[in-house]
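So the structure is just underneath, and the comments pick up after that.
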Amino acid sequence: MPRKSANRPGAAGSCITPEAAFQNAFWDHWEAGLYVDTASGIPLFASVHKFRSGNGWPCFFETIAGEEIGETTERSGGMIRIQLRCRTSGTHLGYLFLDGPEPAGLSYCIKSSALRFVPQEDLQAEGCGEFARLFTSEA
């Protein structure tokens with residue numbers, strides 16, 4: 001289990017905090033590593049699954065969290081979207097859209113304020129060594 005870390009200032013917590021497109025920490029961040037939940041430290045996404053969506057938020061075509069991400073379908077204003085929360089911490093992560101790249105067509109559009117980045121070289125020290133395999137040439 002990854003080491004738990006304190007929330008950094010401005011972290012999302014369990015509330016839904018607005019965040020401006022193109023004005024957040026990770027929308028254009030391409031360093032190799034993991035993105036973990038700010039509240040629990042649980043690994044949620046890997047940089048190898050990140051793609052350029054053009055929407056101003058970090059987007060991933062898959063998650064490494066398995067059942068740790070809870071989904072709630074919202075219907076309002078003639079729109080359907082799937083809200084994402086970390087099950088352990090309750091942190092509002094962002095939304096899942098069905099307009100991502102192939103093969104799955106998924107786009108996990110995530111708020112930077114809900115994430116903390118762990119660089120590839122720090123995975124062992126942060127308790128995330130099991131994910132190092134994602135960054136090898138065989139992955």
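Following the order of the structure tokens, chains are lettered A, B, ..., residues in each are numbered from 1, and ligands are numbered from 1.
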Mind listing the strand (DSSP E or B) residues of region 3-138 of chain A, per DSSP on the backbone, as a ChimeraX atom specification?
/A:33-37,43-46,50-51,59-60,69-76,79-86,92-97,107-110,115-119
List the neighbours of Gly70 (chain A) out to 12 Å using only C-alpha atoms; skip same-chain residues closer than 5 positions along the sequence, and give me the result as a PyMOL selection string.
chain A and resi 44+63+65+82-96
By how many Å are CA of His29 (chain A) and CA of Leu106 (chain A) apart?
19.7 Å
Would you return as number ranges by chain the members of region 20-125 of chain A that DSSP assigns to helix (DSSP H, G or I) on this structure's backbone?
A: 47-49, 66-68, 112-114, 120-122
Resulting file, chosen residues, N, CA and C atoms, as a PDB file, in the first residue's frame:
ATOM      1  N   SER A  47       1.431   7.873 -16.250  1.00  0.00           N
ATOM      2  CA  SER A  47       1.721   8.781 -17.358  1.00  0.00           C
ATOM      3  C   SER A  47       1.691   8.068 -18.713  1.00  0.00           C
ATOM      4  N   VAL A  48       1.966   6.782 -18.750  1.00  0.00           N
ATOM      5  CA  VAL A  48       1.948   6.035 -20.015  1.00  0.00           C
ATOM      6  C   VAL A  48       0.539   5.903 -20.596  1.00  0.00           C
ATOM      7  N   HIS A  49      -0.476   6.201 -19.796  1.00  0.00           N
ATOM      8  CA  HIS A  49      -1.863   6.131 -20.243  1.00  0.00           C
ATOM      9  C   HIS A  49      -2.462   7.519 -20.483  1.00  0.00           C
ATOM     10  N   GLY A  66      -8.236   0.072 -10.696  1.00  0.00           N
ATOM     11  CA  GLY A  66      -9.243  -0.984 -10.578  1.00  0.00           C
ATOM     12  C   GLY A  66     -10.537  -0.469  -9.978  1.00  0.00           C
ATOM     13  N   GLU A  67     -11.005  -1.129  -8.948  1.00  0.00           N
ATOM     14  CA  GLU A  67     -12.276  -0.783  -8.300  1.00  0.00           C
ATOM     15  C   GLU A  67     -12.168   0.422  -7.366  1.00  0.00           C
ATOM     16  N   GLU A  68     -11.005   1.019  -7.262  1.00  0.00           N
ATOM     17  CA  GLU A  68     -10.804   2.158  -6.349  1.00  0.00           C
ATOM     18  C   GLU A  68     -11.507   3.419  -6.832  1.00  0.00           C
ATOM     19  N   SER A 112      -6.480  18.350 -11.782  1.00  0.00           N
ATOM     20  CA  SER A 112      -5.117  18.351 -11.250  1.00  0.00           C
ATOM     21  C   SER A 112      -5.112  18.465  -9.732  1.00  0.00           C
ATOM     22  N   SER A 113      -6.042  19.220  -9.174  1.00  0.00           N
ATOM     23  CA  SER A 113      -6.077  19.424  -7.728  1.00  0.00           C
ATOM     24  C   SER A 113      -6.412  18.149  -6.961  1.00  0.00           C
ATOM     25  N   ALA A 114      -6.899  17.118  -7.656  1.00  0.00           N
ATOM     26  CA  ALA A 114      -7.205  15.838  -7.019  1.00  0.00           C
ATOM     27  C   ALA A 114      -6.012  14.888  -7.043  1.00  0.00           C
ATOM     28  N   GLN A 120       8.797   8.727 -11.791  1.00  0.00           N
ATOM     29  CA  GLN A 120       9.211   7.328 -11.966  1.00  0.00           C
ATOM     30  C   GLN A 120      10.350   6.958 -11.023  1.00  0.00           C
ATOM     31  N   GLU A 121      11.338   7.832 -10.861  1.00  0.00           N
ATOM     32  CA  GLU A 121      12.494   7.510 -10.018  1.00  0.00           C
ATOM     33  C   GLU A 121      12.162   7.464  -8.525  1.00  0.00           C
ATOM     34  N   ASP A 122      10.984   7.934  -8.128  1.00  0.00           N
ATOM     35  CA  ASP A 122      10.584   7.930  -6.721  1.00  0.00           C
ATOM     36  C   ASP A 122       9.559   6.844  -6.378  1.00  0.00           C
TER      37      ASP A 122
END
Expressed in Å to a single decimal, how great is the separation between CA of Gln23 (chain A) and CA of Ala125 (chain A)?
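About the pair CA of Gln23 (chain A) and CA of Ala125 (chain A): they are 29.5 Å apart.
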How many Å lie between CA of Pro43 (chain A) and CA of Trp57 (chain A), rounded to one decimal?
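These atoms are spaced 18.2 Å apart.
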Counting only C-alpha atoms, figure out which residue out of A:Phe45, A:Phe26, A:Phe131, A:Phe61 gets nearest to Leu98 (chain A).
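Answer, going by the shortest atom-to-atom distance: A:Phe61.
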From the list A:Ile110, A:Ala104, A:Leu34, A:Thr73, the nearest residue to Ala21 (chain A) using only C-alpha atoms is A:Ile110
